[in-house]
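For reference, input.tsv (TSV, N, CA and C atoms):
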chain	number	residue	atom	x	y	z
M	1	GLY	N	11.23	-110.11	-2.67
M	1	GLY	CA	11.08	-108.99	-3.23
M	1	GLY	C	11.62	-107.63	-3.10
M	2	LYS	N	12.87	-107.43	-2.74
M	2	LYS	CA	13.43	-106.08	-2.75
M	2	LYS	C	13.86	-105.68	-4.16
M	3	LEU	N	13.61	-104.41	-4.49
M	3	LEU	CA	14.07	-103.90	-5.78
M	3	LEU	C	15.45	-103.31	-5.60
M	4	VAL	N	16.40	-103.78	-6.37
M	4	VAL	CA	17.77	-103.30	-6.27
M	4	VAL	C	18.12	-102.62	-7.58
M	5	ALA	N	18.63	-101.38	-7.50
M	5	ALA	CA	19.01	-100.64	-8.71
M	5	ALA	C	20.25	-101.27	-9.33
M	6	ALA	N	20.22	-101.39	-10.64
M	6	ALA	CA	21.36	-101.99	-11.35
M	6	ALA	C	22.49	-100.98	-11.44
M	7	VAL	N	23.64	-101.31	-10.87
M	7	VAL	CA	24.81	-100.44	-10.89
M	7	VAL	C	25.75	-100.92	-11.99
M	8	PRO	N	26.10	-100.03	-12.97
M	8	PRO	CA	27.01	-100.49	-14.02
M	8	PRO	C	28.39	-100.81	-13.46
M	9	ARG	N	28.90	-102.00	-13.75
M	9	ARG	CA	30.20	-102.42	-13.23
M	9	ARG	C	31.14	-102.75	-14.38
M	10	ALA	N	32.42	-102.63	-14.09
M	10	ALA	CA	33.44	-102.99	-15.09
M	10	ALA	C	33.44	-104.51	-15.26
M	11	PRO	N	33.76	-105.00	-16.47
M	11	PRO	CA	33.80	-106.45	-16.68
M	11	PRO	C	34.78	-107.12	-15.72
M	12	ARG	N	34.50	-108.36	-15.39
M	12	ARG	CA	35.32	-109.08	-14.41
M	12	ARG	C	36.77	-109.18	-14.84
M	13	GLY	N	37.66	-108.91	-13.90
M	13	GLY	CA	39.09	-109.02	-14.19
M	13	GLY	C	39.73	-107.71	-14.60
M	14	ILE	N	38.91	-106.71	-15.00
M	14	ILE	CA	39.48	-105.43	-15.43
M	14	ILE	C	39.43	-104.48	-14.24
M	15	MET	N	40.59	-103.92	-13.89
M	15	MET	CA	40.66	-102.97	-12.78
M	15	MET	C	40.27	-101.58	-13.28
M	16	VAL	N	39.53	-100.86	-12.46
M	16	VAL	CA	39.15	-99.49	-12.79
M	16	VAL	C	40.33	-98.60	-12.40
M	17	GLN	N	40.73	-97.77	-13.36
M	17	GLN	CA	41.87	-96.88	-13.11
M	17	GLN	C	41.45	-95.79	-12.13
M	18	ARG	N	42.20	-95.63	-11.07
M	18	ARG	CA	41.85	-94.63	-10.06
M	18	ARG	C	42.53	-93.31	-10.35
M	19	VAL	N	41.88	-92.24	-9.93
M	19	VAL	CA	42.43	-90.89	-10.11
M	19	VAL	C	42.46	-90.20	-8.76
M	20	THR	N	43.35	-89.23	-8.63
M	20	THR	CA	43.43	-88.46	-7.39
M	20	THR	C	43.22	-86.99	-7.69
M	21	TYR	N	42.77	-86.27	-6.68
M	21	TYR	CA	42.61	-84.82	-6.81
M	21	TYR	C	43.99	-84.20	-7.02
M	22	ARG	N	44.03	-83.08	-7.74
M	22	ARG	CA	45.30	-82.40	-7.98
M	22	ARG	C	45.50	-81.25	-6.99
M	23	ARG	N	44.44	-80.84	-6.34
M	23	ARG	CA	44.52	-79.74	-5.37
M	23	ARG	C	44.38	-80.30	-3.96
M	24	ARG	N	44.57	-79.44	-2.97
M	24	ARG	CA	44.58	-79.89	-1.57
M	24	ARG	C	43.20	-80.28	-1.03
M	25	LYS	N	42.16	-79.66	-1.55
M	25	LYS	CA	40.82	-79.94	-1.03
M	25	LYS	C	40.38	-81.35	-1.40
M	26	SER	N	39.95	-82.12	-0.40
M	26	SER	CA	39.61	-83.52	-0.66
M	26	SER	C	38.13	-83.82	-0.45
M	27	PHE	N	37.32	-82.77	-0.38
M	27	PHE	CA	35.89	-82.97	-0.16
M	27	PHE	C	35.09	-82.69	-1.42
M	28	HIS	N	33.96	-83.37	-1.53
M	28	HIS	CA	33.09	-83.22	-2.70
M	28	HIS	C	32.21	-81.99	-2.52
M	29	THR	N	32.79	-80.84	-2.80
M	29	THR	CA	32.05	-79.59	-2.66
M	29	THR	C	31.79	-78.97	-4.02
M	30	LYS	N	31.03	-77.87	-4.05
M	30	LYS	CA	30.70	-77.21	-5.31
M	30	LYS	C	31.93	-76.71	-6.06
M	31	SER	N	32.95	-76.30	-5.30
M	31	SER	CA	34.15	-75.75	-5.93
M	31	SER	C	35.17	-76.84	-6.28
M	32	ASN	N	34.87	-78.09	-5.93
M	32	ASN	CA	35.83	-79.17	-6.13
M	32	ASN	C	35.29	-80.28	-7.04
M	33	ILE	N	34.43	-79.90	-7.99
M	33	ILE	CA	33.86	-80.89	-8.90
M	33	ILE	C	34.88	-81.19	-10.00
M	34	VAL	N	35.08	-82.49	-10.27
M	34	VAL	CA	36.07	-82.89	-11.27
M	34	VAL	C	35.43	-83.78	-12.34
M	35	ARG	N	36.10	-83.84	-13.48
M	35	ARG	CA	35.69	-84.70	-14.58
M	35	ARG	C	36.89	-85.56	-14.94
M	36	LYS	N	36.65	-86.84	-15.17
M	36	LYS	CA	37.75	-87.73	-15.56
M	36	LYS	C	37.96	-87.62	-17.06
M	37	VAL	N	39.20	-87.41	-17.45
M	37	VAL	CA	39.54	-87.23	-18.86
M	37	VAL	C	40.74	-88.11	-19.20
M	38	ARG	N	40.67	-88.75	-20.35
M	38	ARG	CA	41.81	-89.56	-20.79
M	38	ARG	C	42.70	-88.71	-21.69
M	39	THR	N	43.97	-88.65	-21.36
M	39	THR	CA	44.91	-87.84	-22.14
M	39	THR	C	45.34	-88.59	-23.39
M	40	PRO	N	45.95	-87.89	-24.37
M	40	PRO	CA	46.43	-88.59	-25.57
M	40	PRO	C	47.46	-89.68	-25.25
M	41	GLY	N	48.14	-89.52	-24.11
M	41	GLY	CA	49.12	-90.52	-23.70
M	41	GLY	C	48.49	-91.76	-23.06
M	42	GLY	N	47.18	-91.74	-22.89
M	42	GLY	CA	46.48	-92.90	-22.34
M	42	GLY	C	46.26	-92.86	-20.84
M	43	LYS	N	46.72	-91.78	-20.18
M	43	LYS	CA	46.53	-91.66	-18.74
M	43	LYS	C	45.13	-91.12	-18.44
M	44	LEU	N	44.59	-91.51	-17.30
M	44	LEU	CA	43.31	-90.97	-16.87
M	44	LEU	C	43.60	-89.92	-15.79
M	45	VAL	N	43.21	-88.69	-16.06
M	45	VAL	CA	43.48	-87.61	-15.12
M	45	VAL	C	42.18	-86.87	-14.80
M	46	VAL	N	42.21	-86.05	-13.74
M	46	VAL	CA	41.02	-85.26	-13.41
M	46	VAL	C	41.18	-83.84	-13.91
M	47	GLN	N	40.06	-83.30	-14.41
M	47	GLN	CA	40.01	-81.91	-14.84
M	47	GLN	C	39.00	-81.22	-13.95
M	48	TYR	N	39.35	-80.08	-13.40
M	48	TYR	CA	38.43	-79.37	-12.53
M	48	TYR	C	37.39	-78.62	-13.34
M	49	VAL	N	36.13	-78.84	-13.00
M	49	VAL	CA	35.03	-78.17	-13.68
M	49	VAL	C	34.74	-76.91	-12.89
M	50	GLY	N	34.85	-75.76	-13.54
M	50	GLY	CA	34.59	-74.50	-12.85
M	50	GLY	C	33.11	-74.33	-12.54
M	51	LYS	N	32.81	-73.45	-11.63
M	51	LYS	CA	31.40	-73.19	-11.30
M	51	LYS	C	30.72	-72.51	-12.47
M	52	ARG	N	29.42	-72.73	-12.58
M	52	ARG	CA	28.63	-72.09	-13.63
M	52	ARG	C	28.46	-70.61	-13.29
M	53	GLY	N	28.51	-69.78	-14.32
M	53	GLY	CA	28.31	-68.35	-14.11
M	53	GLY	C	26.85	-68.00	-14.12
M	54	LYS	N	26.49	-66.97	-13.38
M	54	LYS	CA	25.11	-66.50	-13.36
M	54	LYS	C	25.10	-65.17	-14.08
M	55	GLY	N	24.33	-65.07	-15.12
M	55	GLY	CA	24.28	-63.85	-15.92
M	55	GLY	C	23.62	-62.70	-15.20
M	56	PRO	N	23.86	-61.48	-15.67
M	56	PRO	CA	23.26	-60.31	-15.03
M	56	PRO	C	21.75	-60.26	-15.26
M	57	SER	N	21.04	-59.64	-14.34
M	57	SER	CA	19.59	-59.51	-14.47
M	57	SER	C	19.22	-58.03	-14.46
M	58	CYS	N	18.02	-57.74	-14.89
M	58	CYS	CA	17.53	-56.36	-15.01
M	58	CYS	C	17.51	-55.67	-13.65
M	59	GLY	N	17.98	-54.43	-13.62
M	59	GLY	CA	18.07	-53.69	-12.37
M	59	GLY	C	16.81	-52.91	-12.02
M	60	GLU	N	15.82	-52.92	-12.90
M	60	GLU	CA	14.57	-52.21	-12.64
M	60	GLU	C	13.82	-52.87	-11.49
M	61	TYR	N	13.23	-52.07	-10.62
M	61	TYR	CA	12.51	-52.61	-9.46
M	61	TYR	C	11.34	-53.47	-9.93
M	62	GLY	N	11.28	-54.70	-9.45
M	62	GLY	CA	10.18	-55.60	-9.78
M	62	GLY	C	10.35	-56.37	-11.08
M	63	CYS	N	11.45	-56.18	-11.77
M	63	CYS	CA	11.66	-56.91	-13.04
M	63	CYS	C	12.57	-58.11	-12.81
M	64	GLY	N	13.87	-57.89	-12.77
M	64	GLY	CA	14.83	-58.95	-12.48
M	64	GLY	C	14.98	-60.01	-13.55
M	65	ARG	N	14.54	-59.72	-14.79
M	65	ARG	CA	14.69	-60.69	-15.87
M	65	ARG	C	16.15	-60.80	-16.28
M	66	PRO	N	16.59	-62.00	-16.72
M	66	PRO	CA	17.99	-62.11	-17.17
M	66	PRO	C	18.20	-61.27	-18.43
M	67	LEU	N	19.33	-60.57	-18.48
M	67	LEU	CA	19.61	-59.70	-19.63
M	67	LEU	C	20.08	-60.54	-20.81
M	68	SER	N	19.47	-60.31	-21.96
M	68	SER	CA	19.87	-61.04	-23.16
M	68	SER	C	21.06	-60.37	-23.81
M	69	GLY	N	21.90	-61.16	-24.46
M	69	GLY	CA	23.06	-60.63	-25.17
M	69	GLY	C	24.29	-60.45	-24.32
M	70	ILE	N	24.23	-60.88	-23.06
M	70	ILE	CA	25.39	-60.76	-22.17
M	70	ILE	C	25.75	-62.14	-21.66
M	71	LYS	N	27.02	-62.48	-21.77
M	71	LYS	CA	27.49	-63.81	-21.37
M	71	LYS	C	27.36	-64.03	-19.88
M	72	ALA	N	26.93	-65.22	-19.51
M	72	ALA	CA	26.86	-65.60	-18.10
M	72	ALA	C	28.20	-66.21	-17.71
M	73	THR	N	29.02	-65.45	-17.01
M	73	THR	CA	30.34	-65.93	-16.62
M	73	THR	C	30.61	-65.61	-15.16
M	74	ARG	N	31.67	-66.21	-14.65
M	74	ARG	CA	32.11	-65.94	-13.29
M	74	ARG	C	32.76	-64.55	-13.28
M	75	PRO	N	32.71	-63.84	-12.15
M	75	PRO	CA	33.24	-62.47	-12.12
M	75	PRO	C	34.66	-62.30	-12.63
M	76	LYS	N	35.55	-63.26	-12.34
M	76	LYS	CA	36.94	-63.14	-12.78
M	76	LYS	C	37.07	-63.26	-14.30
M	77	GLU	N	36.19	-64.07	-14.90
M	77	GLU	CA	36.24	-64.26	-16.36
M	77	GLU	C	35.74	-63.02	-17.10
M	78	LEU	N	34.93	-62.21	-16.44
M	78	LEU	CA	34.41	-61.00	-17.09
M	78	LEU	C	35.54	-60.07	-17.51
M	79	ALA	N	36.63	-60.05	-16.75
M	79	ALA	CA	37.77	-59.20	-17.07
M	79	ALA	C	38.42	-59.59	-18.40
M	80	ARG	N	38.34	-60.88	-18.74
M	80	ARG	CA	38.95	-61.35	-19.98
M	80	ARG	C	38.07	-61.13	-21.20
M	81	LEU	N	36.76	-60.92	-20.99
M	81	LEU	CA	35.85	-60.73	-22.12
M	81	LEU	C	36.00	-59.35	-22.73
M	82	SER	N	35.70	-59.25	-24.02
M	82	SER	CA	35.74	-57.94	-24.67
M	82	SER	C	34.50	-57.15	-24.29
M	83	LYS	N	34.53	-55.84	-24.54
M	83	LYS	CA	33.44	-54.96	-24.11
M	83	LYS	C	32.11	-55.36	-24.75
M	84	ARG	N	32.14	-55.78	-26.00
M	84	ARG	CA	30.89	-56.10	-26.70
M	84	ARG	C	30.20	-57.34	-26.12
M	85	GLN	N	30.95	-58.18	-25.41
M	85	GLN	CA	30.35	-59.37	-24.80
M	85	GLN	C	29.76	-59.07	-23.42
M	86	LYS	N	30.06	-57.86	-22.90
M	86	LYS	CA	29.60	-57.52	-21.55
M	86	LYS	C	28.47	-56.49	-21.54
M	87	THR	N	28.21	-55.83	-22.66
M	87	THR	CA	27.18	-54.80	-22.70
M	87	THR	C	26.30	-54.96	-23.94
M	88	VAL	N	25.25	-54.15	-23.99
M	88	VAL	CA	24.37	-54.07	-25.15
M	88	VAL	C	24.37	-52.60	-25.54
M	89	THR	N	24.47	-52.31	-26.84
M	89	THR	CA	24.59	-50.91	-27.28
M	89	THR	C	23.23	-50.23	-27.34
M	90	ARG	N	22.78	-49.75	-26.22
M	90	ARG	CA	21.57	-48.92	-26.10
M	90	ARG	C	21.63	-48.27	-24.72
M	91	PRO	N	20.80	-47.25	-24.49
M	91	PRO	CA	20.79	-46.67	-23.14
M	91	PRO	C	20.49	-47.74	-22.10
M	92	TYR	N	21.16	-47.70	-21.00
M	92	TYR	CA	21.04	-48.68	-19.92
M	92	TYR	C	21.43	-50.10	-20.36
M	93	GLY	N	22.19	-50.22	-21.44
M	93	GLY	CA	22.60	-51.54	-21.93
M	93	GLY	C	23.48	-52.23	-20.91
M	94	GLY	N	23.13	-53.45	-20.54
M	94	GLY	CA	23.88	-54.18	-19.54
M	94	GLY	C	23.42	-53.92	-18.12
M	95	ALA	N	22.41	-53.05	-17.96
M	95	ALA	CA	21.88	-52.76	-16.62
M	95	ALA	C	20.38	-53.02	-16.55
M	96	LYS	N	19.66	-52.66	-17.62
M	96	LYS	CA	18.21	-52.88	-17.67
M	96	LYS	C	17.84	-53.60	-18.96
M	97	CYS	N	16.76	-54.38	-18.91
M	97	CYS	CA	16.33	-55.12	-20.10
M	97	CYS	C	15.64	-54.17	-21.08
M	98	GLY	N	15.51	-54.58	-22.33
M	98	GLY	CA	14.92	-53.75	-23.37
M	98	GLY	C	13.51	-53.33	-23.08
M	99	LYS	N	12.75	-54.23	-22.47
M	99	LYS	CA	11.34	-53.95	-22.15
M	99	LYS	C	11.23	-52.78	-21.17
M	100	CYS	N	12.09	-52.80	-20.14
M	100	CYS	CA	12.06	-51.74	-19.13
M	100	CYS	C	12.55	-50.41	-19.70
M	101	VAL	N	13.55	-50.46	-20.57
M	101	VAL	CA	14.06	-49.23	-21.19
M	101	VAL	C	12.97	-48.61	-22.06
M	102	ARG	N	12.26	-49.47	-22.81
M	102	ARG	CA	11.17	-48.99	-23.68
M	102	ARG	C	10.08	-48.32	-22.86
M	103	SER	N	9.70	-48.95	-21.74
M	103	SER	CA	8.64	-48.37	-20.89
M	103	SER	C	9.10	-47.07	-20.24
M	104	ARG	N	10.40	-46.97	-19.90
M	104	ARG	CA	10.95	-45.75	-19.32
M	104	ARG	C	10.87	-44.60	-20.32
M	105	ILE	N	11.28	-44.87	-21.56
M	105	ILE	CA	11.27	-43.84	-22.61
M	105	ILE	C	9.83	-43.39	-22.87
M	106	LEU	N	8.92	-44.36	-22.96
M	106	LEU	CA	7.51	-44.07	-23.21
M	106	LEU	C	6.92	-43.23	-22.08
M	107	ARG	N	7.25	-43.60	-20.84
M	107	ARG	CA	6.74	-42.87	-19.67
M	107	ARG	C	7.24	-41.42	-19.69
M	108	ALA	N	8.53	-41.23	-19.98
M	108	ALA	CA	9.10	-39.88	-20.02
M	108	ALA	C	8.44	-39.04	-21.12
M	109	PHE	N	8.19	-39.66	-22.27
M	109	PHE	CA	7.56	-38.97	-23.40
M	109	PHE	C	6.13	-38.56	-23.04
M	110	LEU	N	5.38	-39.48	-22.42
M	110	LEU	CA	3.99	-39.19	-22.07
M	110	LEU	C	3.90	-38.10	-21.00
M	111	ILE	N	4.84	-38.09	-20.06
M	111	ILE	CA	4.86	-37.06	-19.02
M	111	ILE	C	5.10	-35.69	-19.66
M	112	GLU	N	6.04	-35.64	-20.62
M	112	GLU	CA	6.33	-34.39	-21.32
M	112	GLU	C	5.10	-33.92	-22.11
M	113	GLU	N	4.42	-34.84	-22.77
M	113	GLU	CA	3.21	-34.52	-23.54
M	113	GLU	C	2.14	-33.95	-22.61
M	114	GLN	N	2.00	-34.58	-21.42
M	114	GLN	CA	1.02	-34.14	-20.44
M	114	GLN	C	1.29	-32.70	-20.00
M	115	LYS	N	2.58	-32.37	-19.81
M	115	LYS	CA	2.96	-31.01	-19.42
M	115	LYS	C	2.56	-30.00	-20.49
M	116	ILE	N	2.78	-30.37	-21.76
M	116	ILE	CA	2.44	-29.48	-22.89
M	116	ILE	C	0.94	-29.26	-22.96
M	117	VAL	N	0.17	-30.35	-22.77
M	117	VAL	CA	-1.30	-30.27	-22.80
M	117	VAL	C	-1.79	-29.34	-21.69
M	118	LYS	N	-1.21	-29.48	-20.48
M	118	LYS	CA	-1.60	-28.63	-19.35
M	118	LYS	C	-1.32	-27.16	-19.66
M	119	LYS	N	-0.16	-26.90	-20.27
M	119	LYS	CA	0.23	-25.53	-20.61
M	119	LYS	C	-0.75	-24.92	-21.62
M	120	VAL	N	-1.14	-25.72	-22.63
M	120	VAL	CA	-2.07	-25.25	-23.66
M	120	VAL	C	-3.44	-24.96	-23.05
M	121	LEU	N	-3.92	-25.85	-22.19
M	121	LEU	CA	-5.21	-25.66	-21.54
M	121	LEU	C	-5.21	-24.40	-20.65
M	122	LYS	N	-4.10	-24.18	-19.96
M	122	LYS	CA	-3.96	-23.00	-19.10
M	122	LYS	C	-3.99	-21.73	-19.95
M	123	ALA	N	-3.33	-21.78	-21.10
M	123	ALA	CA	-3.29	-20.62	-22.00
M	123	ALA	C	-4.69	-20.32	-22.55
M	124	GLN	N	-5.44	-21.41	-22.88
M	124	GLN	CA	-6.81	-21.23	-23.39
M	124	GLN	C	-7.71	-20.66	-22.29
M	125	ALA	N	-7.54	-21.13	-21.08
M	125	ALA	CA	-8.37	-20.67	-19.96
M	125	ALA	C	-8.12	-19.19	-19.65
M	126	SER	N	-6.87	-18.76	-19.74
M	126	SER	CA	-6.54	-17.36	-19.47
M	126	SER	C	-6.96	-16.45	-20.65
M	127	ALA	N	-7.06	-17.01	-21.84
M	127	ALA	CA	-7.47	-16.23	-23.03
M	127	ALA	C	-8.97	-15.98	-23.05
M	128	LYS	N	-9.79	-16.90	-22.52
M	128	LYS	CA	-11.26	-16.78	-22.54
M	128	LYS	C	-11.76	-15.62	-21.68
M	129	PRO	N	-11.32	-15.45	-20.41
M	129	PRO	CA	-11.82	-14.31	-19.61
M	129	PRO	C	-11.44	-12.95	-20.21
M	130	ALA	N	-10.36	-12.90	-20.94
M	130	ALA	CA	-9.95	-11.65	-21.56
M	130	ALA	C	-10.92	-11.22	-22.66
M	131	GLU	N	-11.53	-12.24	-23.32
M	131	GLU	CA	-12.49	-11.94	-24.39
M	131	GLU	C	-13.75	-11.29	-23.83
M	132	LYS	N	-14.22	-11.74	-22.68
M	132	LYS	CA	-15.47	-11.25	-22.08
M	132	LYS	C	-15.31	-9.91	-21.53

Spell out the structure here as structure tokens.
Amino acid sequence: GKLVAAVPRAPRGIMVQRVTYRRRKSFHTKSNIVRKVRTPGGKLVVQYVGKRGKGPSCGEYGCGRPLSGIKATRPKELARLSKRQKTVTRPYGGAKCGKCVRSRILRAFLIEEQKIVKKVLKAQASAKPAEK
């Protein structure tokens, strides 16, 4: 009773075409991942798969959500992208998410309103003793 996993094998008599790395690194590392590709000429060659890019995240303290509308690419590829693929057209676009920008604007507005209310109350308080 041992369970043995079924390994897919080539049919008997057919040799599997071998491929070699094209670069000097010979270890199976994150930067050395390859994909086997058959060329139009019938040759089997390796193509290097680049690392996945990590998209930018919100810079607001405690948020860190991934920013929508910005491509997740490797730093070197960012130089090749056009400006519209790297930013969002709004204040803090490409640095903070929309939710955080909305809360910032709302907070600033409410603080300003609070200042106006305080000023009005102070004016009313100073006007009342003058009447008496």

Subject >> chain M: residues DSSP assigns to helix (DSSP H, G or I), reported as a PyMOL selection string >> reply: chain M and resi 30-32+75-78+83-85+98-131

Could you give me, as a tab-separated table, a per-residue list for region 65-126 of chain M showing, wherever an atom lies at most 6.5 Å from an atom of region 45-59 of chain M, the closest pair of atoms and their distance in Å to one decimal, using all atoms listed in the file and sorting by chain then residue number from low to high?
residue	atom	partner	partner_atom	distance
M:Arg65	C	M:Cys58	N	3.8
M:Pro66	CA	M:Ser57	CA	4.1
M:Leu67	N	M:Pro56	C	4.0
M:Ile70	C	M:Gly55	CA	6.2
M:Lys71	C	M:Gly55	CA	5.0
M:Ala72	CA	M:Gly55	CA	3.8
M:Thr73	C	M:Gly53	CA	3.7
M:Arg74	N	M:Gly53	CA	4.0
M:Ala95	C	M:Gly59	N	4.0
M:Lys96	CA	M:Gly59	N	4.3
M:Cys97	N	M:Cys58	CA	4.4

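For the atom pair formed by CA of Ile14 (chain M) and atom C of Ser26 (chain M), the distance is 26.3 Å, given to one decimal.
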
How would you write, as an mmCIF file with N, CA and C atoms, keeping the file's coordinate frame, the set of residues in chain M that DSSP gives as strand (DSSP E or B)?
data_model
loop_
_atom_site.group_PDB
_atom_site.id
_atom_site.type_symbol
_atom_site.label_atom_id
_atom_site.label_comp_id
_atom_site.auth_asym_id
_atom_site.auth_seq_id
_atom_site.Cartn_x
_atom_site.Cartn_y
_atom_site.Cartn_z
ATOM 1 N N VAL M 34 35.080 -82.490 -10.270
ATOM 2 C CA VAL M 34 36.070 -82.890 -11.270
ATOM 3 C C VAL M 34 35.430 -83.780 -12.340
ATOM 4 N N ARG M 35 36.100 -83.840 -13.480
ATOM 5 C CA ARG M 35 35.690 -84.700 -14.580
ATOM 6 C C ARG M 35 36.890 -85.560 -14.940
ATOM 7 N N LYS M 36 36.650 -86.840 -15.170
ATOM 8 C CA LYS M 36 37.750 -87.730 -15.560
ATOM 9 C C LYS M 36 37.960 -87.620 -17.060
ATOM 10 N N VAL M 37 39.200 -87.410 -17.450
ATOM 11 C CA VAL M 37 39.540 -87.230 -18.860
ATOM 12 C C VAL M 37 40.740 -88.110 -19.200
ATOM 13 N N ARG M 38 40.670 -88.750 -20.350
ATOM 14 C CA ARG M 38 41.810 -89.560 -20.790
ATOM 15 C C ARG M 38 42.700 -88.710 -21.690
ATOM 16 N N LEU M 44 44.590 -91.510 -17.300
ATOM 17 C CA LEU M 44 43.310 -90.970 -16.870
ATOM 18 C C LEU M 44 43.600 -89.920 -15.790
ATOM 19 N N VAL M 45 43.210 -88.690 -16.060
ATOM 20 C CA VAL M 45 43.480 -87.610 -15.120
ATOM 21 C C VAL M 45 42.180 -86.870 -14.800
ATOM 22 N N VAL M 46 42.210 -86.050 -13.740
ATOM 23 C CA VAL M 46 41.020 -85.260 -13.410
ATOM 24 C C VAL M 46 41.180 -83.840 -13.910
ATOM 25 N N GLN M 47 40.060 -83.300 -14.410
ATOM 26 C CA GLN M 47 40.010 -81.910 -14.840
ATOM 27 C C GLN M 47 39.000 -81.220 -13.950
ATOM 28 N N TYR M 48 39.350 -80.080 -13.400
ATOM 29 C CA TYR M 48 38.430 -79.370 -12.530
ATOM 30 C C TYR M 48 37.390 -78.620 -13.340
ATOM 31 N N SER M 57 21.040 -59.640 -14.340
ATOM 32 C CA SER M 57 19.590 -59.510 -14.470
ATOM 33 C C SER M 57 19.220 -58.030 -14.460
ATOM 34 N N PRO M 66 16.590 -62.000 -16.720
ATOM 35 C CA PRO M 66 17.990 -62.110 -17.170
ATOM 36 C C PRO M 66 18.200 -61.270 -18.430
#

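Nearest residue to Gly94 (chain M) among M:Thr29, M:Gln17, M:Gln124, M:Ser68 is M:Ser68, counting only C-alpha atoms.
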
Original post:
CA of Ala127 (chain M) and CA of Leu110 (chain M), how far apart in Å?
Top reply: 25.7 Å

**OP:** Could you please determine the separation between atom C of Gln85 (chain M) and atom C of Gly98 (chain M) in Å, to one decimal place?
**Re:** 17.2 Å
